[in-house]
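Enquirer: Pasting a structure here, questions to come.
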Amino acid sequence: MKLNNRPIVKTAFTVLAAYMYSTSAHAQHTIYLETAQNALVLQTDSAHHLNNVYLGRRLNSAAGYEQIGLQPGDYTGMYNSAYTPAGSRNLLEPAIAVTHADGNNSLDLKYVNSDLKKLSDDISLLEVHLKDPAYEFEVTLFYKSYYREDVIEQWSQIVHHEKGQIILQKYASANLSLKGNSYWLKHYHGDWAHEMQPQETRLTAGIKTLDSKLGTRANLFMPSVFMVSLDRPATEDEGQVFCGALEWSGNFRSDLEIDPQNNLRIISGINNYASPYRLKPSEVFETPAFVYTYSDHGIGAASRNLHDWARKHKLLDGQGSRLTLLNNWESTYFDFNEEKLKALLKDTKKLGVDMFLLDDGWFGNKFPRNDDHAGLGDWQENRKKLPNGIASIAKSAQTDGVKFGIWIEPEMVNPKSDLYAKHPDWVIKQPHRDEFYFRNQLVLDLGNPEVQDFVYQVVDSLFIKDPNLAYLKWDCNAVIYNAYAVRLKNNQSQFYIDYVRGLYKVLQRIRKKYPSVPMMLCSGGGGRVDYGALQYFTEYWPSDNTDPLERIFIQWEYSFFYPAIASANHVTDWGKQPFKFRVDVAMMGKLGFDIVINKLGDQDMKFCQSAVQTYNQIKQVIWQGDQYRLASPYDNNVASIAYVSPDKTRAIMFNYLINYRYDEGSKRPVKLKGLDGSKSYLVKEINLYPGASPSYMQGIYAGDFLMKIGINPQVDNNHSSVIIELDEAR
Ligand code: GLA
């Protein structure tokens, strides 16, 4: 195929999607990767240095990409480098820094060639090879594009053939450039029970770093997800926005730097803090992927891109089903026995959910797990609480016709445990310093293959005790203090990377043997929510904070990056809202309960049972539908969010009173989004408390009306939570 008389390599897609072609007498190359809406354009200069020249809406004619070129006035010609090497001409934050085998700290990377493979109708993989002209040092940049979802995953591979080890001082996954007049960063901070607290700020000259050095439970203070709006803060439906996340469950670092030409450089990867990595000749160092999407139609579209991508390509069983459950954590804490658990199995059945989830406290004998000071590491059933073992509970579950799942925290150890006494060298702690605990526990050195075997066997042994085990809740409650692994001796700088790689190795082994058993990713709440881990998990626990009013905000923020099907939401006794409000909030994801069922009043019980049935009717729309944030809890007295089925025949709209002051409520209609304007919908309130009359009167409305004029969900102090179902009226 020819374009402007220049040869073009045929693309991965039926629609032209990505190709490379020679452009000028200076032997420039333009390489571009197109998705349904967007394009990422890379270009070499006359000296074969590769730059990011464009990331944004794709052009009508691909010929335009070669006309982009670099901005004049760049002293180095590499402010927009596609992978900025340190120590040669670079003046800005590098993506990669290296100490060569001869002790030299400079790196230059020149374009060698590139290759584009079509992996499926939707997915293409672009590889771009770079090499240092002075050293036997090579980098391959990988760009995996998801055409329909408008998502790119980007990572790099580093290899050298020098005479001896080199030291990688920095090794980013992605180095991108955005071009705007101003940049607005929305990022998150938090702590236990305060996950996903947003902050939006205009970026000023200099570098803003988002990072974690916590090792495990790495997102406790800051998750790796963020978004950047160009020119002005994007809204749900307007504005240019870039959303990104590092697929890594350990220390991360994202630098956002405004360069001297007012472009925004984004460099994201594993945090190089305390981690200069020694790389042997021919050993390949692969970074985790950085995933991102861009939309010029606001944050709503960007988040739906990520949801689609996650469900189809990343989250384990993203298009599958999920189990509703009854959990015993907040109803019993550590205080239970076989009899109590068997009663809970009956409650599970009575409630109508799929499964009973046994939480913390079932293990440890010499050091029984009766509170959080002892027992972690000793994964044998506590004989006092469970004289007949898990097998007996599992058997009763079968008799009662419910599934059975169990909590573990296999990466951890309490000093009060047999494991700690037996394997002190497996424990992360400094040889010459006092131990320092987080929740009275320490972390095992998962970089150690013996520890990996141990953790794998903890899981495997559970399936030996109960071959029908239906679910695992995998917790991780501590950060890493006093980072030191006995096994690493005088090379501790691999410590943090080895840990996460070790964790993934174990998860891969588990998934090989148990490919589809649902697992919840929990970390003292949402301390470990990232796409690196979520490829092995079906869902995550957003926060131990289950106060429904708080959860509206927390779930709202997660929803910018993660689909509802992955959000495990439990009804608990937290918060002051009515019971129905709590159940409604938990329905916006994967529904579970963690309350004392046998203490529920008659009406509450009836409501719960019918709510579970209602949820079963609507869950597919919540899990697989397109999510629209209609009214923000930050700006409105009433928050609204809707899920619309892909074929636009059904939608579920959730509405909550946020402001409890006198006479507050929904005063105006809320406009729906994502419906079919030419269809009509039967609109009715669902999930009513027994005896309550609907606040919203049933009626048929045109999709056009619902999206242009909207409906008032009639939320007020007496109806603080209203769920509305919309079904195509035929
Ligand atoms: C963490 C989890 C909770 C619960 C406890 C058990 O805090 O987030 O849901 O499992 O551990 O100790």
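We name chains A, B, ... following the order of the structure tokens; residues begin at 1 in each chain, and ligands are numbered from 1 as shown.
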Give as a VMD selection string the residues surrounding ligand 1 up to a distance of 6 Å, considering only C-alpha atoms and all ligand atoms.
Expert: chain A and resid 359 to 360 522 to 525 544
Enquirer: Could the residues in this selection be written to a file with all heavy atoms, as a JSON list (two decimals), in the first residue's frame?
Expert:
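Just written: result34.json:
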```
[["chain", "number", "residue", "atom", "x", "y", "z"],
["A", 359, "ASP", "N", -13.73, -15.83, 57.84],
["A", 359, "ASP", "CA", -12.64, -14.84, 57.86],
["A", 359, "ASP", "C", -11.56, -15.26, 58.85],
["A", 359, "ASP", "O", -11.45, -16.43, 59.26],
["A", 359, "ASP", "CB", -13.24, -13.45, 58.17],
["A", 359, "ASP", "CG", -12.50, -12.32, 57.47],
["A", 359, "ASP", "OD1", -11.39, -11.99, 57.91],
["A", 359, "ASP", "OD2", -13.01, -11.80, 56.46],
["A", 360, "ASP", "N", -10.76, -14.31, 59.23],
["A", 360, "ASP", "CA", -9.60, -14.48, 60.11],
["A", 360, "ASP", "C", -9.97, -15.21, 61.42],
["A", 360, "ASP", "O", -11.08, -15.05, 61.92],
["A", 360, "ASP", "CB", -9.09, -13.07, 60.43],
["A", 360, "ASP", "CG", -7.70, -13.07, 61.02],
["A", 360, "ASP", "OD1", -7.14, -14.15, 61.25],
["A", 360, "ASP", "OD2", -7.18, -11.96, 61.22],
["A", 522, "CYS", "N", -7.32, -8.39, 48.99],
["A", 522, "CYS", "CA", -7.60, -7.53, 50.14],
["A", 522, "CYS", "C", -6.27, -7.16, 50.76],
["A", 522, "CYS", "O", -5.33, -7.94, 50.75],
["A", 522, "CYS", "CB", -8.47, -8.30, 51.13],
["A", 522, "CYS", "SG", -8.83, -7.42, 52.65],
["A", 523, "SER", "N", -6.19, -5.97, 51.30],
["A", 523, "SER", "CA", -4.95, -5.59, 51.97],
["A", 523, "SER", "C", -5.28, -4.58, 53.07],
["A", 523, "SER", "O", -5.09, -3.38, 52.90],
["A", 523, "SER", "CB", -3.99, -5.00, 50.93],
["A", 523, "SER", "OG", -2.75, -4.70, 51.51],
["A", 524, "GLY", "N", -5.84, -5.14, 54.15],
["A", 524, "GLY", "CA", -6.29, -4.28, 55.25],
["A", 524, "GLY", "C", -7.21, -3.21, 54.71],
["A", 524, "GLY", "O", -7.09, -2.04, 55.04],
["A", 525, "GLY", "N", -8.11, -3.61, 53.81],
["A", 525, "GLY", "CA", -8.87, -2.67, 52.99],
["A", 525, "GLY", "C", -8.22, -2.63, 51.62],
["A", 525, "GLY", "O", -7.73, -3.65, 51.13],
["A", 544, "ASP", "N", -11.85, -1.20, 54.37],
["A", 544, "ASP", "CA", -12.56, -1.72, 55.54],
["A", 544, "ASP", "C", -13.65, -0.75, 55.97],
["A", 544, "ASP", "O", -14.50, -1.08, 56.79],
["A", 544, "ASP", "CB", -11.58, -1.92, 56.71],
["A", 544, "ASP", "CG", -10.80, -3.22, 56.59],
["A", 544, "ASP", "OD1", -11.10, -4.01, 55.67],
["A", 544, "ASP", "OD2", -9.89, -3.46, 57.42]]
```
Enquirer: Apply DSSP to the backbone of this structure and, from range 164-297 of chain A, keep only the residues in strand (DSSP E); write these as a PyMOL selection string.
Expert: chain A and resi 166-179+183-189+197-202+206-211+226-230+240-246+252-258+263-270+277-279+285-286+290-295
Enquirer: For the selection just defined, write its residues with C-alpha atoms to a file, as a compact mmCIF listing (two decimals), in the first residue's frame.
Expert:
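Saved result, result_28.txt, follows:
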```txt
# COMPACT_ATOMS: atom_id res chain seq x y z
CA ILE A 166 25.84 -3.51 35.03
CA ILE A 167 23.69 -1.62 37.52
CA LEU A 168 20.27 -0.39 36.49
CA GLN A 169 19.73 2.75 38.52
CA LYS A 170 16.35 3.53 37.00
CA TYR A 171 14.12 1.46 34.71
CA ALA A 172 10.77 3.00 33.89
CA SER A 173 7.93 1.17 32.21
CA ALA A 174 6.72 4.14 30.19
CA ASN A 175 7.92 7.56 29.20
CA LEU A 176 5.17 9.65 27.57
CA SER A 177 4.63 13.24 26.49
CA LEU A 178 1.42 15.22 26.50
CA LYS A 179 1.00 18.60 24.89
CA TYR A 183 -2.11 20.25 33.04
CA TRP A 184 -4.41 19.23 35.87
CA LEU A 185 -3.39 16.20 37.86
CA LYS A 186 -5.95 14.22 39.83
CA HIS A 187 -4.31 11.77 42.18
CA TYR A 188 -5.11 10.01 45.41
CA HIS A 189 -3.89 9.63 48.94
CA GLN A 197 -9.05 10.47 48.80
CA PRO A 198 -8.79 12.59 45.65
CA GLN A 199 -6.82 15.75 45.07
CA GLU A 200 -6.79 17.73 41.88
CA THR A 201 -4.10 20.27 41.28
CA ARG A 202 -2.68 22.31 38.45
CA GLY A 206 9.17 21.06 38.15
CA ILE A 207 8.36 17.45 38.98
CA LYS A 208 5.41 16.06 40.87
CA THR A 209 6.19 12.55 42.06
CA LEU A 210 3.55 10.01 43.05
CA ASP A 211 5.17 7.08 44.76
CA PHE A 226 -3.90 8.97 38.38
CA MET A 227 -5.38 11.12 35.65
CA VAL A 228 -4.21 14.24 33.87
CA SER A 229 -6.52 16.71 32.14
CA LEU A 230 -5.21 19.01 29.46
CA GLN A 240 -9.11 15.86 27.25
CA VAL A 241 -8.00 13.39 29.87
CA PHE A 242 -5.31 10.77 30.24
CA CYS A 243 -5.78 7.99 32.83
CA GLY A 244 -2.89 5.76 33.81
CA ALA A 245 -2.00 2.98 36.23
CA LEU A 246 1.11 0.93 36.86
CA PHE A 252 6.02 2.47 42.26
CA ARG A 253 7.02 5.90 41.10
CA SER A 254 5.38 8.20 38.59
CA ASP A 255 7.09 11.49 37.78
CA LEU A 256 5.09 14.22 36.08
CA GLU A 257 7.42 16.90 34.80
CA ILE A 258 6.65 20.02 32.83
CA ASN A 263 5.01 19.74 27.50
CA LEU A 264 4.12 17.25 30.20
CA ARG A 265 6.46 14.32 30.56
CA ILE A 266 5.07 11.28 32.37
CA ILE A 267 7.55 8.65 33.49
CA SER A 268 6.15 5.70 35.42
CA GLY A 269 7.60 2.46 36.66
CA ILE A 270 8.87 0.46 39.59
CA TYR A 277 19.42 -3.58 40.11
CA ARG A 278 22.48 -5.62 39.12
CA LEU A 279 21.97 -7.15 35.71
CA PHE A 285 15.11 -7.25 32.79
CA GLU A 286 11.43 -6.73 32.02
CA PHE A 290 1.94 0.86 32.53
CA VAL A 291 -1.63 0.94 31.23
CA TYR A 292 -3.30 4.08 29.95
CA THR A 293 -6.13 5.50 27.97
CA TYR A 294 -6.90 8.91 26.57
CA SER A 295 -10.22 10.55 25.82
```
Enquirer: May I ask which of the residues A:Leu315, A:Phe336, A:Gly164, A:Gly215 is the closest one to Asn482 in chain A, counting only C-alpha atoms?
Expert: A:Gly215
Enquirer: Quick one: residues within 9 Å of His48 in chain A, only C-alpha atoms, excluding same-chain residues fewer than 6 positions away - as a list in words?
Expert: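 What passes the distance filter is Ala27, Gln28, His29, Leu109, Lys110, Tyr111 and Val112 of chain A.
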Enquirer: To one decimal in Å, tell me the separation between CA of Ser275 in chain A and CA of Arg433 in chain A.
Expert: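 About the pair CA of Ser275 in chain A and CA of Arg433 in chain A: they are 20.7 Å apart.
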Enquirer: Between CA of Val455 in chain A and CA of Leu386 in chain A, what is the distance in Å, rounded to a tenth?
Expert: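 Between CA of Val455 in chain A and CA of Leu386 in chain A the gap is 22.1 Å.
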Enquirer: Based on DSSP run over this structure's backbone, return all residues of range 352-427 of chain A in helix (DSSP H, G or I), as a list in words.
Expert: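 The helix (DSSP H, G or I) residues within range 352-427 of chain A come out as Gly389, Ile390, Ala391, Ser392, Ile393, Ala394, Lys395, Ser396, Ala397, Gln398, Thr399, Asp400, Asp418, Leu419, Tyr420, Ala421, Lys422, Pro424, Asp425 and Trp426 of chain A.
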Enquirer: For the residues selected in the previous step, produce a file with N, CA, C and O atoms as an mmCIF file, in the first residue's frame.
Expert:
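Contents of the output file out-v1.cif:
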```
data_model
loop_
_atom_site.group_PDB
_atom_site.id
_atom_site.type_symbol
_atom_site.label_atom_id
_atom_site.label_comp_id
_atom_site.auth_asym_id
_atom_site.auth_seq_id
_atom_site.Cartn_x
_atom_site.Cartn_y
_atom_site.Cartn_z
ATOM 1 N N GLY A 389 -12.076 -29.746 62.002
ATOM 2 C CA GLY A 389 -11.398 -29.147 60.853
ATOM 3 C C GLY A 389 -12.327 -28.413 59.882
ATOM 4 O O GLY A 389 -13.552 -28.379 60.060
ATOM 5 N N ILE A 390 -11.676 -27.864 58.891
ATOM 6 C CA ILE A 390 -12.410 -27.146 57.842
ATOM 7 C C ILE A 390 -13.318 -28.112 57.085
ATOM 8 O O ILE A 390 -14.419 -27.753 56.657
ATOM 9 N N ALA A 391 -12.814 -29.348 56.937
ATOM 10 C CA ALA A 391 -13.561 -30.342 56.166
ATOM 11 C C ALA A 391 -14.994 -30.470 56.688
ATOM 12 O O ALA A 391 -15.947 -30.585 55.898
ATOM 13 N N SER A 392 -15.132 -30.395 57.993
ATOM 14 C CA SER A 392 -16.462 -30.568 58.571
ATOM 15 C C SER A 392 -17.375 -29.375 58.231
ATOM 16 O O SER A 392 -18.566 -29.539 57.930
ATOM 17 N N ILE A 393 -16.785 -28.163 58.257
ATOM 18 C CA ILE A 393 -17.577 -26.977 57.897
ATOM 19 C C ILE A 393 -17.958 -27.067 56.411
ATOM 20 O O ILE A 393 -19.101 -26.795 56.026
ATOM 21 N N ALA A 394 -16.970 -27.488 55.614
ATOM 22 C CA ALA A 394 -17.217 -27.582 54.172
ATOM 23 C C ALA A 394 -18.330 -28.592 53.889
ATOM 24 O O ALA A 394 -19.181 -28.376 53.020
ATOM 25 N N LYS A 395 -18.319 -29.683 54.674
ATOM 26 C CA LYS A 395 -19.336 -30.715 54.470
ATOM 27 C C LYS A 395 -20.725 -30.174 54.824
ATOM 28 O O LYS A 395 -21.700 -30.376 54.088
ATOM 29 N N SER A 396 -20.780 -29.454 55.941
ATOM 30 C CA SER A 396 -22.076 -28.877 56.318
ATOM 31 C C SER A 396 -22.553 -27.878 55.286
ATOM 32 O O SER A 396 -23.750 -27.770 55.019
ATOM 33 N N ALA A 397 -21.601 -27.124 54.727
ATOM 34 C CA ALA A 397 -21.973 -26.151 53.692
ATOM 35 C C ALA A 397 -22.647 -26.877 52.534
ATOM 36 O O ALA A 397 -23.683 -26.440 52.031
ATOM 37 N N GLN A 398 -22.044 -28.029 52.180
ATOM 38 C CA GLN A 398 -22.615 -28.799 51.070
ATOM 39 C C GLN A 398 -24.031 -29.263 51.396
ATOM 40 O O GLN A 398 -24.940 -29.152 50.586
ATOM 41 N N THR A 399 -24.174 -29.773 52.634
ATOM 42 C CA THR A 399 -25.498 -30.237 53.053
ATOM 43 C C THR A 399 -26.506 -29.097 52.998
ATOM 44 O O THR A 399 -27.652 -29.275 52.605
ATOM 45 N N ASP A 400 -26.042 -27.896 53.413
ATOM 46 C CA ASP A 400 -26.971 -26.758 53.431
ATOM 47 C C ASP A 400 -27.163 -26.129 52.055
ATOM 48 O O ASP A 400 -27.937 -25.177 51.901
ATOM 49 N N ASP A 418 4.659 -20.697 65.379
ATOM 50 C CA ASP A 418 5.636 -21.769 65.156
ATOM 51 C C ASP A 418 6.528 -21.428 63.974
ATOM 52 O O ASP A 418 7.718 -21.700 63.965
ATOM 53 N N LEU A 419 5.906 -20.823 62.953
ATOM 54 C CA LEU A 419 6.659 -20.533 61.730
ATOM 55 C C LEU A 419 7.835 -19.600 62.022
ATOM 56 O O LEU A 419 8.948 -19.801 61.524
ATOM 57 N N TYR A 420 7.582 -18.613 62.823
ATOM 58 C CA TYR A 420 8.632 -17.643 63.142
ATOM 59 C C TYR A 420 9.799 -18.335 63.850
ATOM 60 O O TYR A 420 10.974 -18.074 63.561
ATOM 61 N N ALA A 421 9.455 -19.249 64.771
ATOM 62 C CA ALA A 421 10.500 -19.961 65.521
ATOM 63 C C ALA A 421 11.285 -20.894 64.591
ATOM 64 O O ALA A 421 12.505 -21.030 64.695
ATOM 65 N N LYS A 422 10.570 -21.512 63.661
ATOM 66 C CA LYS A 422 11.179 -22.526 62.807
ATOM 67 C C LYS A 422 12.004 -21.915 61.662
ATOM 68 O O LYS A 422 13.031 -22.462 61.269
ATOM 69 N N PRO A 424 13.343 -18.410 61.092
ATOM 70 C CA PRO A 424 13.615 -16.977 61.284
ATOM 71 C C PRO A 424 14.221 -16.339 60.033
ATOM 72 O O PRO A 424 14.010 -15.156 59.789
ATOM 73 N N ASP A 425 14.922 -17.142 59.229
ATOM 74 C CA ASP A 425 15.556 -16.572 58.028
ATOM 75 C C ASP A 425 14.561 -16.308 56.896
ATOM 76 O O ASP A 425 14.923 -15.745 55.866
ATOM 77 N N TRP A 426 13.316 -16.715 57.066
ATOM 78 C CA TRP A 426 12.292 -16.393 56.069
ATOM 79 C C TRP A 426 11.658 -15.027 56.349
ATOM 80 O O TRP A 426 10.894 -14.509 55.535
#
```
Enquirer: Compile a residue-level contact table for range 634-696 of chain A against range 709-723 of chain A at a cut-off of 10 Å, reporting for every qualifying residue the shortest atom pair and its distance in Å to one decimal, with only C-alpha atoms counted, rows ordered by chain and ascending number, as CSV.
Expert:
```
residue,atom,partner,partner_atom,distance
A:Asn637,CA,A:Val715,CA,9.5
A:Val638,CA,A:Val715,CA,7.2
A:Ala639,CA,A:Ser721,CA,9.6
A:Ser640,CA,A:Pro713,CA,9.0
A:Ile641,CA,A:Ile723,CA,9.8
A:Ala642,CA,A:Ile723,CA,9.5
A:Ile652,CA,A:Ile723,CA,7.0
A:Met653,CA,A:Ile723,CA,5.7
A:Phe654,CA,A:Ile723,CA,4.6
A:Asn655,CA,A:Val722,CA,5.2
A:Tyr656,CA,A:Ser721,CA,4.5
A:Leu657,CA,A:Ser720,CA,4.9
A:Ile658,CA,A:Ser720,CA,8.3
A:Asn659,CA,A:Asn717,CA,9.3
A:Tyr660,CA,A:Asn717,CA,7.0
A:Arg661,CA,A:Asn717,CA,8.9
A:Tyr662,CA,A:Asn717,CA,8.5
A:Asp663,CA,A:Asp716,CA,7.4
A:Glu664,CA,A:Asp716,CA,6.3
A:Gly665,CA,A:Asp716,CA,4.2
A:Ser666,CA,A:Val715,CA,5.2
A:Lys667,CA,A:Asn712,CA,7.2
A:Arg668,CA,A:Asn712,CA,5.7
A:Pro669,CA,A:Asn712,CA,3.8
A:Val670,CA,A:Gly710,CA,4.9
A:Lys671,CA,A:Gly710,CA,3.9
A:Leu672,CA,A:Gly710,CA,6.0
A:Lys673,CA,A:Gly710,CA,9.3
A:Val683,CA,A:Ile711,CA,9.4
A:Lys684,CA,A:Ile723,CA,8.5
A:Glu685,CA,A:Ile723,CA,5.7
A:Ile686,CA,A:Ile723,CA,5.6
A:Asn687,CA,A:Ile723,CA,6.7
A:Leu688,CA,A:Val722,CA,8.2
A:Ala692,CA,A:His719,CA,9.5
A:Ser693,CA,A:His719,CA,9.9
A:Pro694,CA,A:Val722,CA,8.7
A:Ser695,CA,A:Gln714,CA,5.8
A:Tyr696,CA,A:Pro713,CA,6.2
```
Enquirer: Rank A:Asp372, A:Asp115, A:Asp150, A:Asp530 by their smallest atom-to-atom distance to Ala39 in chain A, using only C-alpha atoms, and report the top residue only.
Expert: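 Closest candidate: A:Asp150.
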Enquirer: Could you name the residues that touch Leu42 in chain A at 7 Å or less, counting only C-alpha atoms, but leaving out those on the same chain fewer than 3 positions away, as a short mmCIF file (atom, residue, chain, number, x, y, z; two decimals) with N, CA and C atoms, in the first residue's frame?
Expert:
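The result, stored in around-v9.cif:
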```cif
data_model
loop_
_atom_site.label_atom_id
_atom_site.label_comp_id
_atom_site.auth_asym_id
_atom_site.auth_seq_id
_atom_site.Cartn_x
_atom_site.Cartn_y
_atom_site.Cartn_z
N THR A 30 8.57 7.46 11.08
CA THR A 30 7.39 7.77 11.88
C THR A 30 6.71 6.43 12.15
N ILE A 31 6.47 6.18 13.40
CA ILE A 31 5.81 4.93 13.79
C ILE A 31 4.54 5.34 14.51
N TYR A 32 3.43 4.83 14.08
CA TYR A 32 2.23 5.21 14.84
C TYR A 32 1.37 4.01 15.14
N LEU A 50 14.67 8.39 19.22
CA LEU A 50 13.22 8.18 19.11
C LEU A 50 12.48 9.09 20.09
N ASN A 51 11.48 9.80 19.55
CA ASN A 51 10.71 10.72 20.39
C ASN A 51 9.22 10.42 20.34
N ASN A 52 8.55 10.83 21.42
CA ASN A 52 7.08 10.82 21.41
C ASN A 52 6.67 12.13 20.78
N VAL A 53 5.99 12.09 19.66
CA VAL A 53 5.59 13.38 19.09
C VAL A 53 4.10 13.64 19.23
#
```
